[in-house]
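Reproduced below: start.cif, with mmCIF, C-alpha atoms and all ligand atoms.
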data_input
#
loop_
_atom_site.label_atom_id
_atom_site.label_comp_id
_atom_site.auth_asym_id
_atom_site.auth_seq_id
_atom_site.Cartn_x
_atom_site.Cartn_y
_atom_site.Cartn_z
CA MET A 1 24.38 9.54 0.28
CA ASN A 2 21.51 11.78 1.48
CA GLY A 3 18.33 10.84 -0.34
CA ARG A 4 20.21 9.28 -3.23
CA ILE A 5 18.88 6.37 -5.24
CA CYS A 6 21.21 3.38 -4.63
CA PRO A 7 20.91 -0.02 -6.32
CA ALA A 8 19.92 -2.79 -3.84
CA THR A 9 23.36 -4.43 -3.77
CA ASP A 10 24.58 -6.43 -0.75
CA GLU A 11 26.82 -3.54 0.22
CA ASN A 12 24.01 -0.95 0.04
CA ILE A 13 21.68 -3.24 1.98
CA LEU A 14 24.22 -3.30 4.82
CA ILE A 15 24.45 0.50 4.71
CA ALA A 16 20.64 0.73 4.75
CA ALA A 17 20.51 -1.53 7.82
CA GLU A 18 23.06 0.70 9.61
CA ILE A 19 21.01 3.82 8.81
CA LEU A 20 17.89 2.13 10.23
CA LYS A 21 19.73 1.01 13.37
CA SER A 22 20.89 4.56 14.00
CA GLY A 23 17.38 6.01 13.71
CA GLY A 24 17.39 7.14 10.07
CA LEU A 25 14.89 6.73 7.22
CA VAL A 26 15.37 4.31 4.30
CA ALA A 27 12.97 3.89 1.40
CA PHE A 28 13.05 0.27 0.23
CA PRO A 29 11.29 -1.93 -2.36
CA THR A 30 8.63 -4.49 -1.50
CA GLU A 31 6.61 -6.66 -3.90
CA THR A 32 3.64 -4.25 -3.54
CA VAL A 33 4.94 -0.66 -3.43
CA TYR A 34 8.06 1.08 -2.07
CA GLY A 35 8.01 1.59 1.72
CA LEU A 36 9.43 4.40 3.85
CA GLY A 37 11.17 2.52 6.66
CA ALA A 38 12.34 3.33 10.18
CA ASN A 39 13.04 1.39 13.38
CA ALA A 40 9.52 0.53 14.58
CA LEU A 41 10.65 0.25 18.21
CA ASP A 42 12.08 3.79 18.33
CA PRO A 43 9.36 6.46 18.59
CA ASP A 44 11.77 9.21 17.49
CA ALA A 45 12.63 7.30 14.32
CA ALA A 46 8.97 6.51 13.63
CA ALA A 47 8.09 10.18 14.16
CA LYS A 48 10.35 11.05 11.22
CA ILE A 49 8.12 8.93 8.96
CA PHE A 50 5.04 10.95 9.88
CA ASP A 51 6.92 14.22 9.29
CA ALA A 52 8.45 13.19 5.95
CA LYS A 53 5.09 12.01 4.57
CA GLY A 54 2.95 14.70 6.15
CA ARG A 55 0.93 11.82 7.61
CA PRO A 56 -1.64 12.31 10.40
CA ARG A 57 -0.23 10.78 13.60
CA ASP A 58 -3.36 8.75 14.34
CA ASN A 59 -2.82 6.65 11.19
CA PRO A 60 -0.79 3.62 12.37
CA LEU A 61 2.18 2.05 10.58
CA ILE A 62 2.74 -1.54 9.41
CA LEU A 63 5.59 -3.43 11.14
CA HIS A 64 7.62 -5.34 8.56
CA VAL A 65 9.24 -8.51 9.93
CA SER A 66 11.36 -11.27 8.40
CA SER A 67 9.85 -14.31 10.17
CA ILE A 68 6.68 -15.59 11.85
CA ARG A 69 8.70 -15.94 15.06
CA ASP A 70 9.45 -12.21 15.04
CA ALA A 71 5.80 -11.38 14.33
CA ALA A 72 4.87 -13.30 17.49
CA LYS A 73 7.07 -10.93 19.55
CA TYR A 74 4.99 -7.91 18.57
CA GLY A 75 1.47 -9.31 18.09
CA GLU A 76 -0.67 -11.67 20.17
CA MET A 77 -0.80 -14.83 18.02
CA ASN A 78 -3.92 -16.96 17.53
CA ASP A 79 -4.82 -19.95 15.34
CA CYS A 80 -6.27 -17.84 12.56
CA ALA A 81 -3.18 -15.60 12.36
CA GLU A 82 -0.93 -18.66 12.36
CA VAL A 83 -2.82 -20.19 9.42
CA LEU A 84 -2.70 -16.92 7.46
CA MET A 85 1.02 -16.47 8.05
CA GLN A 86 1.80 -20.08 7.09
CA GLN A 87 -0.25 -19.76 3.93
CA PHE A 88 0.50 -16.25 2.68
CA TRP A 89 3.84 -15.12 4.16
CA PRO A 90 6.14 -13.92 2.84
CA GLY A 91 3.75 -11.91 0.69
CA PRO A 92 1.26 -9.05 0.35
CA LEU A 93 -0.88 -9.77 3.44
CA THR A 94 -0.88 -7.49 6.50
CA ILE A 95 -2.35 -9.01 9.67
CA VAL A 96 -3.70 -6.86 12.53
CA LEU A 97 -3.31 -8.45 15.99
CA PHE A 98 -3.43 -7.17 19.59
CA ALA A 99 -0.06 -5.47 20.18
CA SER A 100 2.58 -6.42 22.71
CA ASP A 101 3.94 -3.73 25.06
CA GLU A 102 7.12 -3.54 23.00
CA VAL A 103 5.35 -1.71 20.17
CA PRO A 104 5.46 2.05 20.83
CA GLU A 105 2.16 3.91 20.92
CA LEU A 106 3.16 6.17 18.01
CA THR A 107 3.78 3.18 15.71
CA ARG A 108 0.32 1.86 16.63
CA GLY A 109 -1.32 5.26 16.10
CA GLY A 110 -2.62 5.00 19.67
CA LEU A 111 -4.53 1.74 19.00
CA ASP A 112 -4.16 -1.44 21.10
CA THR A 113 -3.46 -3.40 17.91
CA VAL A 114 -0.51 -3.69 15.54
CA ALA A 115 -0.34 -4.42 11.80
CA LEU A 116 2.30 -7.04 10.82
CA ARG A 117 3.61 -8.04 7.41
CA MET A 118 6.46 -10.19 6.11
CA PRO A 119 7.22 -8.99 2.57
CA SER A 120 8.52 -11.36 -0.10
CA ASN A 121 10.89 -8.98 -1.90
CA THR A 122 14.38 -10.34 -1.17
CA ALA A 123 15.99 -6.90 -0.75
CA ALA A 124 13.30 -5.98 1.78
CA LEU A 125 13.82 -9.22 3.72
CA SER A 126 17.61 -8.70 3.71
CA VAL A 127 17.31 -5.16 5.05
CA ILE A 128 15.00 -6.30 7.87
CA ARG A 129 17.28 -9.24 8.75
CA CYS A 130 20.49 -7.18 8.66
CA ALA A 131 18.95 -4.44 10.81
CA GLY A 132 17.68 -7.07 13.27
CA LEU A 133 14.63 -4.89 13.90
CA PRO A 134 10.99 -4.69 12.91
CA ILE A 135 10.76 -1.93 10.30
CA ALA A 136 7.78 0.42 10.38
CA ALA A 137 6.94 1.41 6.83
CA PRO A 138 4.02 3.08 5.12
CA SER A 139 4.07 3.57 1.36
CA ALA A 140 6.90 5.98 0.49
CA ASN A 141 4.76 8.72 -1.05
CA ARG A 142 3.73 12.08 0.37
CA SER A 143 0.35 11.64 2.06
CA GLY A 144 -2.45 11.82 -0.50
CA ARG A 145 -0.24 11.03 -3.54
CA PRO A 146 -0.29 7.74 -5.52
CA SER A 147 1.95 5.12 -3.88
CA PRO A 148 5.41 4.78 -5.45
CA THR A 149 6.18 1.69 -7.51
CA THR A 150 9.68 2.84 -8.57
CA ALA A 151 12.63 4.42 -6.76
CA GLN A 152 12.24 7.46 -9.04
CA ALA A 153 8.66 8.01 -7.82
CA VAL A 154 9.94 7.92 -4.21
CA ALA A 155 12.55 10.57 -5.06
CA GLU A 156 9.86 12.73 -6.72
CA ASP A 157 7.84 12.85 -3.48
CA LEU A 158 10.44 12.56 -0.71
CA ASP A 159 13.71 13.91 -2.09
CA GLY A 160 15.80 15.31 0.77
CA ALA A 161 13.50 13.87 3.47
CA VAL A 162 14.95 10.35 3.39
CA ASP A 163 18.52 9.17 4.06
CA MET A 164 18.65 6.53 1.33
CA ILE A 165 16.43 5.11 -1.43
CA LEU A 166 17.19 1.46 -2.24
CA ASP A 167 16.35 0.71 -5.88
CA ASP A 168 15.23 -2.77 -6.97
CA GLY A 169 13.36 -1.71 -10.11
CA PRO A 170 9.57 -1.51 -10.55
CA THR A 171 7.51 -3.47 -7.98
CA SER A 172 5.85 -6.68 -9.18
CA ILE A 173 2.28 -6.29 -7.81
CA GLY A 174 1.88 -2.52 -7.85
CA LEU A 175 -0.98 -2.22 -5.31
CA GLU A 176 -0.56 -2.32 -1.54
CA SER A 177 -1.02 -5.39 0.66
CA THR A 178 -4.39 -6.68 1.81
CA VAL A 179 -4.95 -5.62 5.45
CA VAL A 180 -7.02 -7.98 7.63
CA ASP A 181 -8.17 -7.73 11.23
CA ALA A 182 -7.38 -11.11 12.83
CA THR A 183 -8.16 -10.14 16.44
CA ARG A 184 -11.56 -11.89 16.45
CA LEU A 185 -12.02 -15.59 17.10
CA GLU A 186 -14.84 -16.14 14.57
CA GLY A 187 -12.89 -15.04 11.48
CA ILE A 188 -11.19 -12.10 9.80
CA VAL A 189 -12.44 -8.76 8.55
CA ILE A 190 -10.86 -7.33 5.39
CA LEU A 191 -9.90 -3.74 6.22
CA ARG A 192 -8.24 -2.96 2.88
CA PRO A 193 -8.39 -5.14 -0.25
CA GLY A 194 -4.96 -5.69 -1.82
CA GLY A 195 -2.42 -8.10 -3.24
CA ILE A 196 -3.97 -11.23 -1.65
CA THR A 197 -7.51 -11.68 -2.99
CA ARG A 198 -10.69 -12.29 -1.01
CA GLU A 199 -11.08 -15.59 -2.91
CA ALA A 200 -7.64 -16.81 -1.78
CA LEU A 201 -8.31 -15.82 1.85
CA ALA A 202 -11.73 -17.50 1.86
CA LYS A 203 -10.10 -20.85 1.07
CA VAL A 204 -8.36 -20.89 4.47
CA VAL A 205 -10.36 -18.69 6.90
CA ASP A 206 -13.89 -17.37 7.44
CA ILE A 207 -14.37 -13.80 6.24
CA LEU A 208 -16.74 -11.68 8.32
CA ASP A 209 -18.54 -8.51 7.28
CA GLY A 210 -17.18 -5.35 8.90
CA ASP A 211 -18.94 -3.90 11.94
CA ASP A 212 -22.34 -2.38 11.16
CA ASP A 213 -21.27 0.50 13.29
CA GLU A 214 -19.38 2.78 10.92
CA GLU A 215 -17.44 4.40 13.75
CA ALA A 216 -16.11 1.07 14.97
CA ASP A 217 -14.93 0.28 11.47
CA LEU A 218 -13.08 3.57 11.13
CA ARG A 219 -11.40 3.03 14.48
CA ARG A 220 -10.18 -0.33 13.24
CA SER A 221 -8.84 1.01 9.96
CA PRO A 222 -7.80 4.61 10.44
CA GLY A 223 -6.27 4.91 6.96
CA THR A 224 -9.69 4.73 5.33
CA ARG A 225 -10.56 8.12 6.84
CA TYR A 226 -8.19 9.97 4.56
CA ARG A 227 -8.41 10.64 0.83
CA HIS A 228 -5.74 8.59 -0.87
CA TYR A 229 -3.90 8.03 -4.10
CA ALA A 230 -4.92 11.35 -5.57
CA PRO A 231 -3.38 12.31 -8.91
CA LYS A 232 -3.04 16.05 -9.66
CA LEU A 233 -5.73 15.85 -12.39
CA PRO A 234 -9.38 14.98 -11.73
CA LEU A 235 -9.97 11.26 -12.19
CA ILE A 236 -13.34 10.17 -13.63
CA LEU A 237 -14.45 6.52 -13.48
CA TRP A 238 -16.00 4.79 -16.49
CA ASP A 239 -17.94 1.55 -16.08
CA GLY A 240 -16.98 0.22 -19.54
CA ASN A 241 -20.40 0.86 -21.08
CA PRO A 242 -19.61 2.38 -24.56
CA SER A 243 -22.56 4.78 -24.58
CA ALA A 244 -21.59 6.19 -21.15
CA LEU A 245 -18.18 7.41 -22.32
CA SER A 246 -18.98 10.37 -24.59
CA PRO A 247 -20.98 12.33 -21.96
CA LEU A 248 -18.01 11.97 -19.59
CA VAL A 249 -15.47 13.40 -22.03
CA GLU A 250 -17.60 16.00 -23.82
CA ASP A 251 -15.74 19.33 -24.29
CA LYS A 252 -12.73 17.97 -22.39
CA ARG A 253 -9.14 17.21 -23.22
CA TRP A 254 -8.93 13.74 -21.77
CA CYS A 255 -6.59 10.80 -21.42
CA PHE A 256 -7.48 7.20 -20.71
CA LEU A 257 -6.49 4.18 -18.59
CA GLY A 258 -8.27 0.85 -18.88
CA LEU A 259 -8.78 -2.57 -20.40
CA ASP A 260 -10.76 -1.65 -23.54
CA THR A 261 -9.73 0.69 -26.36
CA PRO A 262 -11.97 3.76 -25.93
CA SER A 263 -13.88 5.38 -28.77
CA GLY A 264 -13.33 9.10 -29.41
CA HIS A 265 -10.06 11.04 -29.34
CA PRO A 266 -8.11 10.89 -26.09
CA LEU A 267 -4.78 12.78 -25.95
CA LYS A 268 -3.30 9.54 -24.71
CA ALA A 269 -4.78 6.08 -24.10
CA VAL A 270 -3.10 3.39 -21.99
CA VAL A 271 -4.81 0.03 -22.63
CA PHE A 272 -3.74 -2.92 -20.46
CA ASP A 273 -3.86 -6.61 -21.39
CA SER A 274 -4.97 -7.83 -17.96
CA VAL A 275 -6.17 -6.72 -14.53
CA GLU A 276 -2.75 -7.74 -13.17
CA GLU A 277 -0.97 -5.40 -15.59
CA TYR A 278 -3.47 -2.60 -14.82
CA ALA A 279 -2.76 -3.03 -11.09
CA ARG A 280 1.00 -3.16 -11.60
CA GLU A 281 1.08 -0.02 -13.75
CA LEU A 282 -1.74 2.06 -12.23
CA TYR A 283 0.24 4.35 -9.91
CA ALA A 284 3.11 4.96 -12.36
CA LYS A 285 0.64 5.78 -15.16
CA LEU A 286 -1.34 8.15 -12.92
CA ARG A 287 1.91 10.01 -12.19
CA GLU A 288 2.79 10.04 -15.92
CA LEU A 289 -0.64 11.14 -17.19
CA GLU A 290 -0.73 14.10 -14.82
CA ASN A 291 1.72 15.80 -17.17
CA CYS A 292 0.23 14.86 -20.57
CA GLY A 293 -1.68 18.11 -21.07
CA ALA A 294 -5.17 16.68 -20.48
CA ASP A 295 -7.85 18.20 -18.21
CA VAL A 296 -9.08 14.87 -16.86
CA ILE A 297 -8.08 11.22 -16.62
CA ILE A 298 -10.79 8.68 -17.51
CA ALA A 299 -10.17 5.32 -15.81
CA GLU A 300 -12.12 2.18 -16.62
CA LEU A 301 -13.39 0.16 -13.64
CA PRO A 302 -12.49 -3.56 -13.80
CA GLU A 303 -14.77 -6.38 -12.58
CA ARG A 304 -14.81 -6.71 -8.80
CA SER A 305 -13.38 -10.25 -8.66
CA GLY A 306 -9.79 -11.24 -7.83
CA LEU A 307 -7.28 -8.37 -7.89
CA GLY A 308 -10.07 -6.29 -9.49
CA GLU A 309 -11.50 -5.65 -6.00
CA ALA A 310 -8.31 -3.90 -4.85
CA LEU A 311 -7.92 -2.08 -8.16
CA ARG A 312 -11.49 -0.74 -8.00
CA ASN A 313 -10.95 0.32 -4.39
CA ARG A 314 -7.85 2.37 -5.32
CA LEU A 315 -9.55 3.90 -8.38
CA GLU A 316 -12.61 4.86 -6.34
CA ARG A 317 -10.47 6.46 -3.66
CA ALA A 318 -8.32 8.29 -6.22
CA ALA A 319 -11.52 9.67 -7.78
CA GLY A 320 -12.57 10.94 -4.31
O1 LIG B 1 1.84 -3.04 0.74
C1 LIG B 1 1.82 -2.36 1.76
O2 LIG B 1 1.06 -2.60 2.71
C2 LIG B 1 2.79 -1.17 1.84
C3 LIG B 1 4.22 -1.72 1.84
C4 LIG B 1 5.24 -0.62 2.04
O3 LIG B 1 4.33 -2.72 2.82
N1 LIG B 1 2.52 -0.37 3.00
C5 LIG B 1 1.41 0.41 3.12
O4 LIG B 1 1.36 1.15 4.29
O5 LIG B 1 0.56 0.47 2.27
P1 LIG B 1 0.33 2.34 4.51
O6 LIG B 1 0.74 2.96 5.80
O7 LIG B 1 0.33 3.22 3.32
O8 LIG B 1 -1.03 1.63 4.71
C6 LIG B 1 -1.26 0.82 5.86
C7 LIG B 1 -2.73 0.70 6.15
C8 LIG B 1 -3.34 2.03 6.54
O9 LIG B 1 -4.64 2.12 5.97
C9 LIG B 1 -3.44 1.93 8.06
O10 LIG B 1 -4.47 2.72 8.61
C10 LIG B 1 -3.69 0.44 8.27
O11 LIG B 1 -2.90 -0.19 7.29
N2 LIG B 1 -3.26 0.00 9.60
C11 LIG B 1 -2.02 0.04 10.13
N3 LIG B 1 -2.03 -0.41 11.41
C12 LIG B 1 -3.30 -0.74 11.70
C13 LIG B 1 -3.97 -1.25 12.86
N4 LIG B 1 -3.32 -1.50 13.98
N5 LIG B 1 -5.30 -1.46 12.77
C14 LIG B 1 -5.97 -1.20 11.62
N6 LIG B 1 -5.41 -0.70 10.50
C15 LIG B 1 -4.10 -0.48 10.53
MG MG B 2 -0.18 4.47 1.74
#

As structure tokens, please, write out the structure in this file.
Amino acid sequence: MNGRICPATDENILIAAEILKSGGLVAFPTETVYGLGANALDPDAAAKIFDAKGRPRDNPLILHVSSIRDAAKYGEMNDCAEVLMQQFWPGPLTIVLFASDEVPELTRGGLDTVALRMPSNTAALSVIRCAGLPIAAPSANRSGRPSPTTAQAVAEDLDGAVDMILDDGPTSIGLESTVVDATRLEGIVILRPGGITREALAKVVDILDGDDDEEADLRRSPGTRYRHYAPKLPLILWDGNPSALSPLVEDKRWCFLGLDTPSGHPLKAVVFDSVEEYARELYAKLRELENCGADVIIAELPERSGLGEALRNRLERAAG
């Protein structure tokens, strides 16, 4: 069983829940990316996540729950959080609230807050329900690698370090959840753009700018301190302006990801039909293009609206 990819059948979901209850690690699908799960209430189990990923211990984990009622056990509820949960759960929205004493310090990365999310993937919900526990889960990649959107990508990064990989095929959104700070009374702050767009959030709550004080912002969203989503090849961003492309690729063997067919002669060009498809495929294509023999990957930046905001954010961070 160790580390093996297992289809997300009812039987394997029960086995996964048993592994989690006994302190083991299970990689499981969500609608965003695959997560690396452990019992969030057991510091020894959560510690294994940090070790397997090579993740800094001050970067807190998201608690995955299967109901709003369970979320209220671990976070201090307020009207704004209630509205967000009613509107967007289950789904790709992670809500940061003040933590209850039940949440171990390691899971919170030493903060007084906790990040909560109820995923919509049915295998994920079944695992959480069968285990009867909140499941701490970051993306199931080694720290600094693109997040995994297939069970095979999890195995590439974490083979041997995880007790079971539940396979439910490629994830449907492909970028991580939106993380919002809902601890303030006046409105929310978006800490990480993601699967739920700014436009959708703005219809139900007020969105505040982050703190002016950069240090306060970093404290609130520790993950933003680290370089993320880095492919093994240099990634260069292209703004879509045709005349700006040739200076970027001059004298290079290059490959391409984007929404418009590029001029010139890339070794390989992946052209998507929509921002949604670009988001869904981004991480898998970055992993694939690393091995295509090119020196650099050129990635086209989408418009900032809708899911484009999260996509740009990941591309910018992958480019470093
Ligand atoms: O879609 C997702 O969110 C995936 C799936 C598996 O659910 N998970 C994920 O986890 O992306 P991770 O650990 O890769 O990213 C979680 C982000 C990090 O940037 C972390 O710093 C932030 O959420 N975070 C977690 N707890 C926090 C807290 N209490 N306050 C502020 N930020 C927090
Ligand atoms: Mg991650």

Please determine the residues with any atom at most 7 Å from (-11.2, 15.6, -20.0) (coordinates as given in the file, with only C-alpha atoms counting) and report them as a list in words.
->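 Counting only C-alpha atoms, I find these residues within 7 Å of (-11.2, 15.6, -20.0): Val249, Lys252, Arg253, Trp254, Cys255, Ala294, Asp295, Val296 and Ile297 of chain A.
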
Please, which residues have at least one atom within 7 Å of an atom of ligand LIG 1 (chain B), using only C-alpha atoms and all ligand atoms, listed as a compact mmCIF listing (two decimals) with C-alpha atoms, in the frame of the given file?
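Saved result, part.txt, follows:
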# COMPACT_ATOMS: atom_id res chain seq x y z
CA THR A 30 8.63 -4.49 -1.50
CA THR A 32 3.64 -4.25 -3.54
CA VAL A 33 4.94 -0.66 -3.43
CA TYR A 34 8.06 1.08 -2.07
CA GLY A 35 8.01 1.59 1.72
CA LEU A 36 9.43 4.40 3.85
CA ASN A 59 -2.82 6.65 11.19
CA PRO A 60 -0.79 3.62 12.37
CA LEU A 61 2.18 2.05 10.58
CA ILE A 62 2.74 -1.54 9.41
CA PRO A 92 1.26 -9.05 0.35
CA THR A 94 -0.88 -7.49 6.50
CA VAL A 96 -3.70 -6.86 12.53
CA ARG A 108 0.32 1.86 16.63
CA LEU A 111 -4.53 1.74 19.00
CA THR A 113 -3.46 -3.40 17.91
CA VAL A 114 -0.51 -3.69 15.54
CA ALA A 115 -0.34 -4.42 11.80
CA PRO A 119 7.22 -8.99 2.57
CA ALA A 137 6.94 1.41 6.83
CA PRO A 138 4.02 3.08 5.12
CA SER A 139 4.07 3.57 1.36
CA ALA A 140 6.90 5.98 0.49
CA LEU A 175 -0.98 -2.22 -5.31
CA GLU A 176 -0.56 -2.32 -1.54
CA SER A 177 -1.02 -5.39 0.66
CA THR A 178 -4.39 -6.68 1.81
CA VAL A 179 -4.95 -5.62 5.45
CA ASP A 181 -8.17 -7.73 11.23
CA LEU A 191 -9.90 -3.74 6.22
CA ARG A 192 -8.24 -2.96 2.88
CA ARG A 220 -10.18 -0.33 13.24
CA SER A 221 -8.84 1.01 9.96
CA PRO A 222 -7.80 4.61 10.44
CA GLY A 223 -6.27 4.91 6.96
CA THR A 224 -9.69 4.73 5.33

Distance criterion (all atoms listed in the file): nearest to ligand MG 2 (chain B) out of A:Met77, A:Leu84, A:Leu20, A:Ile49 |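 Closest to ligand MG 2 (chain B) of all the choices is A:Ile49.
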
Smallest atom-to-atom distance to Ala16 in chain A: which of A:Ser126, A:Thr149, A:Asn313, A:Thr197, using all atoms listed in the file?
->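 Closest residue, counting all atoms listed in the file: A:Ser126.
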
Option closest in space to ligand MG 2 (chain B), from A:Ile196, A:Glu281, A:Ser147, A:Ala81 [counting only C-alpha atoms and all ligand atoms] | A:Ser147

Tell me, as JSON, numbers by chain, which residues lie within 6 Å of Pro134 in chain A, counting all atoms listed in the file; anything in the same chain fewer than 5 positions away does not count.
-> {"A": [40, 63, 64, 65]}

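Considering the residues A:Val205, A:Leu158, A:Met164, A:Ala200 and counting all atoms listed in the file, Leu307 in chain A has its shortest atom-to-atom contact with A:Ala200.
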
Quick one: residues within 8 Å of Glu309 in chain A, only C-alpha atoms counted, chain neighbours fewer than 4 positions away excluded, as a list in words?
-> Pro193, Gly194, Thr197, Glu303, Arg304, Ser305 and Asn313 of chain A

Given the selection you just returned, output its residues as a file containing C-alpha atoms, formatted as a compact mmCIF listing (two decimals), in the frame of the given file.
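Wrote it out as out.txt, contents follow:
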# COMPACT_ATOMS: atom_id res chain seq x y z
CA PRO A 193 -8.39 -5.14 -0.25
CA GLY A 194 -4.96 -5.69 -1.82
CA THR A 197 -7.51 -11.68 -2.99
CA GLU A 303 -14.77 -6.38 -12.58
CA ARG A 304 -14.81 -6.71 -8.80
CA SER A 305 -13.38 -10.25 -8.66
CA ASN A 313 -10.95 0.32 -4.39

Excluding same-chain residues fewer than 5 positions from Val26 in chain A, what lies within 12 Å of it counting all atoms listed in the file, as a PyMOL selection string?
-> chain A and resi 1-6+8+12-21+34-39+45-46+48-49+52+124+127-128+131+135-140+151+154-155+158-167
